[in-house]
$ cat final-v4.cif   # mmCIF, N, CA and C atoms
data_work
#
loop_
_atom_site.label_atom_id
_atom_site.label_comp_id
_atom_site.auth_asym_id
_atom_site.auth_seq_id
_atom_site.Cartn_x
_atom_site.Cartn_y
_atom_site.Cartn_z
N MET A 1 -40.18 36.34 25.85
CA MET A 1 -38.99 35.58 26.20
C MET A 1 -39.28 34.09 26.16
N ARG A 2 -40.45 33.69 26.68
CA ARG A 2 -40.79 32.28 26.74
C ARG A 2 -40.91 31.68 25.33
N ARG A 3 -41.50 32.43 24.40
CA ARG A 3 -41.63 31.96 23.02
C ARG A 3 -40.25 31.76 22.38
N THR A 4 -39.34 32.67 22.64
CA THR A 4 -38.00 32.56 22.10
C THR A 4 -37.31 31.31 22.64
N THR A 5 -37.44 31.05 23.91
CA THR A 5 -36.83 29.87 24.52
C THR A 5 -37.39 28.60 23.91
N ILE A 6 -38.70 28.55 23.74
CA ILE A 6 -39.33 27.37 23.15
C ILE A 6 -38.90 27.22 21.70
N ALA A 7 -38.84 28.34 20.98
CA ALA A 7 -38.44 28.29 19.58
C ALA A 7 -37.00 27.79 19.43
N LEU A 8 -36.14 28.13 20.35
CA LEU A 8 -34.75 27.68 20.30
C LEU A 8 -34.58 26.26 20.83
N LEU A 9 -35.39 25.88 21.79
CA LEU A 9 -35.28 24.57 22.41
C LEU A 9 -35.81 23.46 21.51
N ALA A 10 -36.86 23.73 20.77
CA ALA A 10 -37.48 22.70 19.93
C ALA A 10 -36.51 22.11 18.91
N PRO A 11 -35.77 22.92 18.14
CA PRO A 11 -34.82 22.32 17.20
C PRO A 11 -33.72 21.52 17.90
N CYS A 12 -33.29 21.96 19.06
CA CYS A 12 -32.26 21.22 19.80
C CYS A 12 -32.76 19.84 20.20
N LEU A 13 -34.01 19.78 20.65
CA LEU A 13 -34.59 18.49 21.02
C LEU A 13 -34.74 17.59 19.80
N LEU A 14 -35.14 18.17 18.67
CA LEU A 14 -35.26 17.39 17.45
C LEU A 14 -33.90 16.85 17.00
N LEU A 15 -32.88 17.68 17.10
CA LEU A 15 -31.53 17.24 16.73
C LEU A 15 -31.04 16.14 17.66
N ALA A 16 -31.31 16.28 18.95
CA ALA A 16 -30.91 15.24 19.90
C ALA A 16 -31.60 13.93 19.60
N THR A 17 -32.87 13.98 19.28
CA THR A 17 -33.62 12.78 18.93
C THR A 17 -33.07 12.16 17.64
N ALA A 18 -32.79 13.01 16.66
CA ALA A 18 -32.25 12.51 15.40
C ALA A 18 -30.88 11.88 15.61
N THR A 19 -30.07 12.47 16.47
CA THR A 19 -28.75 11.93 16.74
C THR A 19 -28.85 10.55 17.39
N ILE A 20 -29.77 10.40 18.32
CA ILE A 20 -29.96 9.10 18.95
C ILE A 20 -30.39 8.08 17.90
N GLY A 21 -31.31 8.49 17.02
CA GLY A 21 -31.76 7.59 15.96
C GLY A 21 -30.64 7.23 15.02
N CYS A 22 -29.80 8.19 14.68
CA CYS A 22 -28.70 7.92 13.77
C CYS A 22 -27.68 6.98 14.40
N SER A 23 -27.41 7.15 15.67
CA SER A 23 -26.41 6.30 16.30
C SER A 23 -26.87 4.85 16.30
N ASN A 24 -28.17 4.61 16.44
CA ASN A 24 -28.68 3.24 16.38
C ASN A 24 -28.60 2.69 14.97
N SER A 25 -28.87 3.51 13.95
CA SER A 25 -28.85 3.02 12.58
C SER A 25 -27.43 2.92 12.03
N ASP A 26 -26.47 3.62 12.65
CA ASP A 26 -25.09 3.54 12.16
C ASP A 26 -24.54 2.13 12.26
N GLY A 27 -24.86 1.41 13.33
CA GLY A 27 -24.42 0.02 13.46
C GLY A 27 -25.04 -0.84 12.39
N ALA A 28 -26.32 -0.65 12.13
CA ALA A 28 -27.00 -1.40 11.08
C ALA A 28 -26.43 -1.04 9.71
N ALA A 29 -26.08 0.23 9.52
CA ALA A 29 -25.51 0.68 8.25
C ALA A 29 -24.16 0.02 8.02
N LYS A 30 -23.34 -0.04 9.04
CA LYS A 30 -22.03 -0.67 8.90
C LYS A 30 -22.17 -2.17 8.59
N ASP A 31 -23.10 -2.82 9.29
CA ASP A 31 -23.34 -4.24 9.02
C ASP A 31 -23.84 -4.45 7.59
N CYS A 32 -24.73 -3.57 7.16
CA CYS A 32 -25.27 -3.65 5.81
C CYS A 32 -24.16 -3.41 4.78
N ALA A 33 -23.35 -2.39 4.99
CA ALA A 33 -22.26 -2.09 4.07
C ALA A 33 -21.30 -3.26 3.97
N THR A 34 -21.02 -3.91 5.10
CA THR A 34 -20.15 -5.08 5.10
C THR A 34 -20.77 -6.20 4.26
N ALA A 35 -22.07 -6.40 4.42
CA ALA A 35 -22.76 -7.44 3.66
C ALA A 35 -22.77 -7.13 2.16
N LEU A 36 -22.72 -5.87 1.80
CA LEU A 36 -22.76 -5.49 0.38
C LEU A 36 -21.39 -5.50 -0.29
N THR A 37 -20.31 -5.56 0.48
CA THR A 37 -18.98 -5.47 -0.12
C THR A 37 -18.71 -6.60 -1.11
N GLY A 38 -19.09 -7.80 -0.77
CA GLY A 38 -18.87 -8.92 -1.69
C GLY A 38 -19.68 -8.80 -2.96
N ARG A 39 -20.84 -8.21 -2.87
CA ARG A 39 -21.73 -8.07 -4.03
C ARG A 39 -21.30 -6.94 -4.95
N THR A 40 -20.67 -5.92 -4.40
CA THR A 40 -20.34 -4.74 -5.19
C THR A 40 -18.86 -4.65 -5.54
N GLY A 41 -18.07 -5.50 -4.93
CA GLY A 41 -16.63 -5.46 -5.18
C GLY A 41 -15.91 -4.35 -4.44
N SER A 42 -16.59 -3.73 -3.49
CA SER A 42 -15.94 -2.66 -2.73
C SER A 42 -15.03 -3.26 -1.66
N ASP A 43 -14.20 -2.42 -1.11
CA ASP A 43 -13.25 -2.81 -0.08
C ASP A 43 -14.00 -3.18 1.19
N SER A 44 -13.63 -4.27 1.84
CA SER A 44 -14.32 -4.71 3.05
C SER A 44 -14.19 -3.70 4.19
N ALA A 45 -13.21 -2.83 4.12
CA ALA A 45 -13.06 -1.80 5.14
C ALA A 45 -13.94 -0.59 4.86
N ASP A 46 -14.57 -0.58 3.69
CA ASP A 46 -15.43 0.54 3.30
C ASP A 46 -16.83 0.32 3.85
N THR A 47 -17.07 0.85 5.04
CA THR A 47 -18.36 0.69 5.70
C THR A 47 -18.89 2.06 6.10
N PRO A 48 -19.42 2.81 5.13
CA PRO A 48 -19.90 4.16 5.44
C PRO A 48 -21.17 4.15 6.28
N THR A 49 -21.36 5.22 7.01
CA THR A 49 -22.64 5.44 7.68
C THR A 49 -23.63 5.88 6.60
N VAL A 50 -24.88 5.99 6.96
CA VAL A 50 -25.88 6.43 5.99
C VAL A 50 -25.56 7.84 5.50
N SER A 51 -25.19 8.73 6.40
CA SER A 51 -24.89 10.11 5.98
C SER A 51 -23.65 10.15 5.09
N GLU A 52 -22.65 9.33 5.37
CA GLU A 52 -21.47 9.27 4.50
C GLU A 52 -21.83 8.70 3.13
N ALA A 53 -22.71 7.72 3.12
CA ALA A 53 -23.16 7.14 1.84
C ALA A 53 -23.92 8.19 1.03
N GLU A 54 -24.78 8.94 1.70
CA GLU A 54 -25.53 10.00 1.02
C GLU A 54 -24.60 11.06 0.47
N GLU A 55 -23.55 11.41 1.21
CA GLU A 55 -22.57 12.39 0.73
C GLU A 55 -21.86 11.88 -0.52
N ARG A 56 -21.50 10.60 -0.53
CA ARG A 56 -20.81 10.00 -1.67
C ARG A 56 -21.70 10.02 -2.91
N VAL A 57 -22.94 9.64 -2.74
CA VAL A 57 -23.88 9.61 -3.86
C VAL A 57 -24.16 11.03 -4.35
N ASP A 58 -24.30 11.97 -3.43
CA ASP A 58 -24.53 13.37 -3.80
C ASP A 58 -23.34 13.93 -4.57
N ALA A 59 -22.13 13.58 -4.16
CA ALA A 59 -20.93 14.07 -4.86
C ALA A 59 -20.90 13.53 -6.29
N LEU A 60 -21.26 12.27 -6.47
CA LEU A 60 -21.33 11.71 -7.82
C LEU A 60 -22.38 12.44 -8.64
N ASP A 61 -23.54 12.66 -8.06
CA ASP A 61 -24.63 13.34 -8.75
C ASP A 61 -24.21 14.74 -9.19
N LYS A 62 -23.57 15.49 -8.29
CA LYS A 62 -23.13 16.85 -8.62
C LYS A 62 -22.06 16.82 -9.71
N THR A 63 -21.17 15.84 -9.66
CA THR A 63 -20.13 15.73 -10.68
C THR A 63 -20.74 15.45 -12.04
N CYS A 64 -21.69 14.52 -12.09
CA CYS A 64 -22.33 14.19 -13.37
C CYS A 64 -23.11 15.39 -13.91
N ALA A 65 -23.79 16.11 -13.03
CA ALA A 65 -24.52 17.30 -13.47
C ALA A 65 -23.55 18.34 -14.04
N GLY A 66 -22.40 18.51 -13.39
CA GLY A 66 -21.39 19.44 -13.89
C GLY A 66 -20.84 19.01 -15.23
N MET A 67 -20.69 17.71 -15.41
CA MET A 67 -20.20 17.20 -16.70
C MET A 67 -21.20 17.49 -17.81
N VAL A 68 -22.47 17.30 -17.52
CA VAL A 68 -23.51 17.57 -18.52
C VAL A 68 -23.51 19.05 -18.87
N ARG A 69 -23.45 19.92 -17.85
CA ARG A 69 -23.42 21.37 -18.10
C ARG A 69 -22.19 21.79 -18.91
N SER A 70 -21.08 21.04 -18.77
CA SER A 70 -19.84 21.37 -19.46
C SER A 70 -19.76 20.74 -20.85
N GLY A 71 -20.81 20.05 -21.25
CA GLY A 71 -20.82 19.46 -22.59
C GLY A 71 -20.32 18.02 -22.65
N TYR A 72 -20.18 17.38 -21.52
CA TYR A 72 -19.69 16.00 -21.47
C TYR A 72 -20.80 15.05 -21.03
N ALA A 73 -21.94 15.16 -21.70
CA ALA A 73 -23.09 14.32 -21.35
C ALA A 73 -22.78 12.84 -21.56
N ASP A 74 -21.99 12.51 -22.57
CA ASP A 74 -21.64 11.10 -22.81
C ASP A 74 -20.86 10.52 -21.65
N ALA A 75 -19.92 11.28 -21.12
CA ALA A 75 -19.14 10.80 -19.98
C ALA A 75 -20.04 10.63 -18.75
N ALA A 76 -20.95 11.57 -18.55
CA ALA A 76 -21.87 11.48 -17.42
C ALA A 76 -22.78 10.27 -17.57
N LYS A 77 -23.24 10.01 -18.79
CA LYS A 77 -24.09 8.84 -19.03
C LYS A 77 -23.31 7.55 -18.79
N ASN A 78 -22.07 7.51 -19.22
CA ASN A 78 -21.23 6.33 -18.97
C ASN A 78 -21.06 6.08 -17.48
N ALA A 79 -20.86 7.14 -16.73
CA ALA A 79 -20.71 7.02 -15.27
C ALA A 79 -22.01 6.51 -14.65
N ALA A 80 -23.12 7.10 -15.05
CA ALA A 80 -24.41 6.67 -14.51
C ALA A 80 -24.70 5.21 -14.87
N ASP A 81 -24.38 4.83 -16.09
CA ASP A 81 -24.60 3.43 -16.51
C ASP A 81 -23.73 2.47 -15.71
N ALA A 82 -22.49 2.85 -15.44
CA ALA A 82 -21.59 1.99 -14.67
C ALA A 82 -22.11 1.79 -13.25
N VAL A 83 -22.58 2.87 -12.63
CA VAL A 83 -23.13 2.77 -11.27
C VAL A 83 -24.41 1.95 -11.28
N LYS A 84 -25.25 2.18 -12.28
CA LYS A 84 -26.51 1.43 -12.39
C LYS A 84 -26.24 -0.07 -12.52
N LYS A 85 -25.29 -0.43 -13.36
CA LYS A 85 -24.95 -1.84 -13.55
C LYS A 85 -24.41 -2.45 -12.26
N LYS A 86 -23.48 -1.75 -11.61
CA LYS A 86 -22.87 -2.25 -10.38
C LYS A 86 -23.91 -2.33 -9.26
N THR A 87 -24.82 -1.36 -9.20
CA THR A 87 -25.87 -1.37 -8.18
C THR A 87 -26.83 -2.52 -8.42
N LYS A 88 -27.15 -2.75 -9.67
CA LYS A 88 -28.07 -3.84 -10.02
C LYS A 88 -27.46 -5.20 -9.64
N GLU A 89 -26.16 -5.35 -9.90
CA GLU A 89 -25.47 -6.59 -9.54
C GLU A 89 -25.48 -6.79 -8.02
N GLY A 90 -25.28 -5.71 -7.28
CA GLY A 90 -25.20 -5.81 -5.83
C GLY A 90 -26.54 -5.91 -5.14
N GLY A 91 -27.59 -5.44 -5.81
CA GLY A 91 -28.88 -5.36 -5.15
C GLY A 91 -29.90 -6.40 -5.55
N LYS A 92 -29.43 -7.55 -6.04
CA LYS A 92 -30.38 -8.58 -6.50
C LYS A 92 -31.34 -9.00 -5.40
N SER A 93 -30.85 -9.13 -4.21
CA SER A 93 -31.71 -9.39 -3.05
C SER A 93 -31.10 -8.65 -1.87
N ARG A 94 -31.96 -8.20 -1.00
CA ARG A 94 -31.51 -7.41 0.14
C ARG A 94 -30.93 -8.33 1.21
N PRO A 95 -29.65 -8.12 1.58
CA PRO A 95 -29.05 -8.96 2.62
C PRO A 95 -29.79 -8.80 3.96
N GLU A 96 -29.78 -9.84 4.74
CA GLU A 96 -30.44 -9.82 6.04
C GLU A 96 -29.92 -8.69 6.92
N ALA A 97 -28.63 -8.41 6.84
CA ALA A 97 -28.04 -7.35 7.65
C ALA A 97 -28.60 -5.97 7.30
N CYS A 98 -29.22 -5.85 6.15
CA CYS A 98 -29.76 -4.56 5.70
C CYS A 98 -31.24 -4.39 6.04
N GLU A 99 -31.87 -5.41 6.54
CA GLU A 99 -33.31 -5.36 6.83
C GLU A 99 -33.72 -4.23 7.78
N PRO A 100 -32.94 -3.90 8.82
CA PRO A 100 -33.38 -2.83 9.73
C PRO A 100 -33.41 -1.44 9.10
N LEU A 101 -32.79 -1.28 7.94
CA LEU A 101 -32.69 0.05 7.33
C LEU A 101 -33.91 0.37 6.47
N SER A 102 -34.23 1.65 6.39
CA SER A 102 -35.31 2.08 5.50
C SER A 102 -34.87 1.85 4.05
N GLU A 103 -35.81 1.89 3.14
CA GLU A 103 -35.50 1.70 1.72
C GLU A 103 -34.53 2.76 1.22
N ASP A 104 -34.74 4.01 1.64
CA ASP A 104 -33.86 5.10 1.21
C ASP A 104 -32.43 4.91 1.73
N ASP A 105 -32.30 4.52 3.00
CA ASP A 105 -30.97 4.30 3.58
C ASP A 105 -30.27 3.13 2.89
N TYR A 106 -31.02 2.07 2.64
CA TYR A 106 -30.45 0.90 1.95
C TYR A 106 -29.98 1.29 0.55
N THR A 107 -30.79 2.03 -0.17
CA THR A 107 -30.44 2.45 -1.53
C THR A 107 -29.19 3.31 -1.53
N ALA A 108 -29.08 4.24 -0.58
CA ALA A 108 -27.89 5.09 -0.48
C ALA A 108 -26.65 4.24 -0.21
N LEU A 109 -26.76 3.28 0.71
CA LEU A 109 -25.62 2.42 1.02
C LEU A 109 -25.24 1.56 -0.18
N LEU A 110 -26.22 1.00 -0.86
CA LEU A 110 -25.96 0.18 -2.03
C LEU A 110 -25.24 0.98 -3.12
N MET A 111 -25.73 2.18 -3.38
CA MET A 111 -25.09 3.03 -4.39
C MET A 111 -23.68 3.43 -3.95
N ALA A 112 -23.51 3.77 -2.68
CA ALA A 112 -22.18 4.16 -2.18
C ALA A 112 -21.20 3.00 -2.30
N GLU A 113 -21.67 1.81 -1.98
CA GLU A 113 -20.80 0.63 -2.11
C GLU A 113 -20.49 0.33 -3.57
N ALA A 114 -21.45 0.57 -4.46
CA ALA A 114 -21.21 0.39 -5.89
C ALA A 114 -20.15 1.37 -6.38
N ILE A 115 -20.24 2.61 -5.92
CA ILE A 115 -19.24 3.62 -6.28
C ILE A 115 -17.87 3.18 -5.78
N GLY A 116 -17.80 2.67 -4.57
CA GLY A 116 -16.55 2.16 -4.03
C GLY A 116 -16.05 0.96 -4.82
N GLY A 117 -16.96 0.07 -5.22
CA GLY A 117 -16.59 -1.11 -6.00
C GLY A 117 -16.05 -0.77 -7.37
N LEU A 118 -16.44 0.38 -7.89
CA LEU A 118 -15.92 0.84 -9.18
C LEU A 118 -14.54 1.49 -9.03
N GLY A 119 -14.09 1.67 -7.78
CA GLY A 119 -12.78 2.28 -7.53
C GLY A 119 -12.81 3.79 -7.57
N TRP A 120 -13.98 4.38 -7.34
CA TRP A 120 -14.13 5.82 -7.46
C TRP A 120 -14.09 6.54 -6.12
N THR A 121 -13.42 5.97 -5.14
CA THR A 121 -13.29 6.63 -3.84
C THR A 121 -11.82 6.78 -3.48
N ASP A 122 -11.55 7.77 -2.63
CA ASP A 122 -10.19 7.97 -2.16
C ASP A 122 -9.94 7.09 -0.93
N LYS A 123 -8.78 7.23 -0.33
CA LYS A 123 -8.43 6.38 0.82
C LYS A 123 -9.33 6.62 2.03
N ASP A 124 -10.01 7.77 2.06
CA ASP A 124 -10.92 8.08 3.17
C ASP A 124 -12.37 7.74 2.85
N GLY A 125 -12.61 7.11 1.70
CA GLY A 125 -13.96 6.71 1.33
C GLY A 125 -14.80 7.78 0.68
N ARG A 126 -14.20 8.91 0.36
CA ARG A 126 -14.93 9.98 -0.32
C ARG A 126 -14.88 9.77 -1.83
N PHE A 127 -15.94 10.17 -2.50
CA PHE A 127 -15.99 10.08 -3.95
C PHE A 127 -14.85 10.88 -4.56
N ASP A 128 -14.16 10.29 -5.55
CA ASP A 128 -13.04 10.94 -6.21
C ASP A 128 -13.36 11.04 -7.70
N LYS A 129 -13.73 12.23 -8.15
CA LYS A 129 -14.17 12.40 -9.53
C LYS A 129 -13.06 12.12 -10.54
N LEU A 130 -11.82 12.36 -10.18
CA LEU A 130 -10.73 12.08 -11.12
C LEU A 130 -10.57 10.58 -11.34
N LYS A 131 -10.74 9.79 -10.29
CA LYS A 131 -10.69 8.33 -10.45
C LYS A 131 -11.82 7.86 -11.34
N MET A 132 -12.99 8.46 -11.19
CA MET A 132 -14.13 8.09 -12.02
C MET A 132 -13.84 8.40 -13.47
N VAL A 133 -13.42 9.62 -13.74
CA VAL A 133 -13.18 10.06 -15.11
C VAL A 133 -12.10 9.19 -15.76
N GLU A 134 -11.02 8.92 -15.05
CA GLU A 134 -9.95 8.10 -15.60
C GLU A 134 -10.41 6.67 -15.87
N SER A 135 -11.22 6.11 -14.98
CA SER A 135 -11.67 4.73 -15.18
C SER A 135 -12.59 4.61 -16.38
N LEU A 136 -13.24 5.71 -16.75
CA LEU A 136 -14.13 5.71 -17.91
C LEU A 136 -13.38 6.05 -19.20
N GLY A 137 -12.08 6.32 -19.08
CA GLY A 137 -11.28 6.60 -20.26
C GLY A 137 -11.36 8.04 -20.74
N TRP A 138 -11.88 8.92 -19.95
CA TRP A 138 -11.98 10.33 -20.31
C TRP A 138 -10.85 11.07 -19.61
N ARG A 139 -9.78 11.32 -20.30
CA ARG A 139 -8.61 11.93 -19.69
C ARG A 139 -8.62 13.47 -19.77
N CYS A 140 -9.44 14.03 -20.63
CA CYS A 140 -9.41 15.47 -20.84
C CYS A 140 -10.60 16.20 -20.25
N VAL A 141 -11.38 15.53 -19.45
CA VAL A 141 -12.56 16.17 -18.87
C VAL A 141 -12.16 16.92 -17.61
N PHE A 142 -12.52 18.17 -17.54
CA PHE A 142 -12.25 18.98 -16.36
C PHE A 142 -13.59 19.28 -15.71
N VAL A 143 -13.82 18.71 -14.52
CA VAL A 143 -15.11 18.90 -13.84
C VAL A 143 -14.89 19.54 -12.50
#

$ encode --input "final-v4.cif" --output "structure tokens"
Amino acid sequence: MRRTTIALLAPCLLLATATIGCSNSDGAAKDCATALTGRTGSDSADTPTVSEAEERVDALDKTCAGMVRSGYADAAKNAADAVKKKTKEGGKSRPEACEPLSEDDYTALLMAEAIGGLGWTDKDGRFDKLKMVESLGWRCVFV
């Protein structure tokens, strides 16, 4: 019984610690996202948390992979090139507001803001693959 209790308690304690850590970094993430809006052309109200930024980037990645599998590698390459260009423009130097974040968190926020700056998000800040496809001029791609 004692082993079961410890086995169940350990993940809960780890999650509680991670939640505390995330809540502290969420403020830094919002400040960083705000600092990146001018560089990426994203909406100033678009201030995702790190986990929201990671979700946005993951959604783009999955969409591009699906496009490649469906025979639309050119469209996926165009999307990747557009994000790369926008990210490069926005990431010339790391804003002071982004200093508290790890390199991975900063990169996720920068990419998420670049995706937003390209107009590829919906009103809730989620990646919108139809907006991406339309902005690239691919009207017949079904992903």

$ resolve_selection --input "final-v4.cif" --expression "the PyMOL selection byres (((chain A and resi 29 and name CA) around 9) and name CA)" --output "ChimeraX atom specification"
/A:25-28,30-34,47-50,97-98,100-101,105-106,109

$ closest_residue --input "final-v4.cif" --among "A:Lys92, A:Lys84, A:Arg56, A:Asp104" --to "Arg126 (chain A)" --atoms "all atoms listed in the file"
A:Arg56

$ select_by_dssp --input "final-v4.cif" --residues "region 23-134 of chain A" --states "alpha helix (DSSP H)" --output "number ranges by chain"
A: 23-40, 50-69, 73-90, 103-117, 129-134

$ atom_distance --input "final-v4.cif" --atom1 "CA of Ser102 (chain A)" --atom2 "atom N of Thr37 (chain A)"
17.6 Å

$ closest_residue --input "final-v4.cif" --among "A:Val68, A:Leu118, A:Ala82, A:Leu110" --to "Gly41 (chain A)" --atoms "all atoms listed in the file"
A:Leu118

$ atom_distance --input "final-v4.cif" --atom1 "atom N of Ala65 (chain A)" --atom2 "CA of Val133 (chain A)"
12.4 Å

$ axis_aligned_box --input "final-v4.cif" --around "region 103-118 of chain A" --padding-each-side "5 Å" --output "lines of an AutoDock Vina configuration file"
center_x = -25.2
center_y = 2.0
center_z = -2.8
size_x = 31.3
size_y = 16.2
size_z = 22.8

$ residues_near_point --input "final-v4.cif" --point "(-15.7, 12.9, -7.1)" --cutoff "8 Å" --atoms "all atoms listed in the file" --output "MDAnalysis selection string"
chainID A and resid 56 59:64 120:122 126:133

$ atom_distance --input "final-v4.cif" --atom1 "atom N of Val57 (chain A)" --atom2 "atom C of Lys86 (chain A)"
13.7 Å

$ residues_around --input "final-v4.cif" --residues "Gly90 (chain A)" --least-positions-apart "2" --cutoff "9 Å" --atoms "only C-alpha atoms" --output "compact mmCIF listing (two decimals) with N, CA and C atoms, keeping the file's coordinate frame"
# COMPACT_ATOMS: atom_id res chain seq x y z
N LEU A 36 -22.72 -5.87 1.80
CA LEU A 36 -22.76 -5.49 0.38
C LEU A 36 -21.39 -5.50 -0.29
N THR A 37 -20.31 -5.56 0.48
CA THR A 37 -18.98 -5.47 -0.12
C THR A 37 -18.71 -6.60 -1.11
N GLY A 38 -19.09 -7.80 -0.77
CA GLY A 38 -18.87 -8.92 -1.69
C GLY A 38 -19.68 -8.80 -2.96
N ARG A 39 -20.84 -8.21 -2.87
CA ARG A 39 -21.73 -8.07 -4.03
C ARG A 39 -21.30 -6.94 -4.95
N THR A 40 -20.67 -5.92 -4.40
CA THR A 40 -20.34 -4.74 -5.19
C THR A 40 -18.86 -4.65 -5.54
N GLY A 41 -18.07 -5.50 -4.93
CA GLY A 41 -16.63 -5.46 -5.18
C GLY A 41 -15.91 -4.35 -4.44
N LYS A 85 -25.29 -0.43 -13.36
CA LYS A 85 -24.95 -1.84 -13.55
C LYS A 85 -24.41 -2.45 -12.26
N LYS A 86 -23.48 -1.75 -11.61
CA LYS A 86 -22.87 -2.25 -10.38
C LYS A 86 -23.91 -2.33 -9.26
N THR A 87 -24.82 -1.36 -9.20
CA THR A 87 -25.87 -1.37 -8.18
C THR A 87 -26.83 -2.52 -8.42
N LYS A 88 -27.15 -2.75 -9.67
CA LYS A 88 -28.07 -3.84 -10.02
C LYS A 88 -27.46 -5.20 -9.64
N LYS A 92 -29.43 -7.55 -6.04
CA LYS A 92 -30.38 -8.58 -6.50
C LYS A 92 -31.34 -9.00 -5.40
N SER A 93 -30.85 -9.13 -4.21
CA SER A 93 -31.71 -9.39 -3.05
C SER A 93 -31.10 -8.65 -1.87
N ARG A 94 -31.96 -8.20 -1.00
CA ARG A 94 -31.51 -7.41 0.14
C ARG A 94 -30.93 -8.33 1.21
N LEU A 110 -26.22 1.00 -0.86
CA LEU A 110 -25.96 0.18 -2.03
C LEU A 110 -25.24 0.98 -3.12
N MET A 111 -25.73 2.18 -3.38
CA MET A 111 -25.09 3.03 -4.39
C MET A 111 -23.68 3.43 -3.95
N GLU A 113 -21.67 1.81 -1.98
CA GLU A 113 -20.80 0.63 -2.11
C GLU A 113 -20.49 0.33 -3.57
N ALA A 114 -21.45 0.57 -4.46
CA ALA A 114 -21.21 0.39 -5.89
C ALA A 114 -20.15 1.37 -6.38
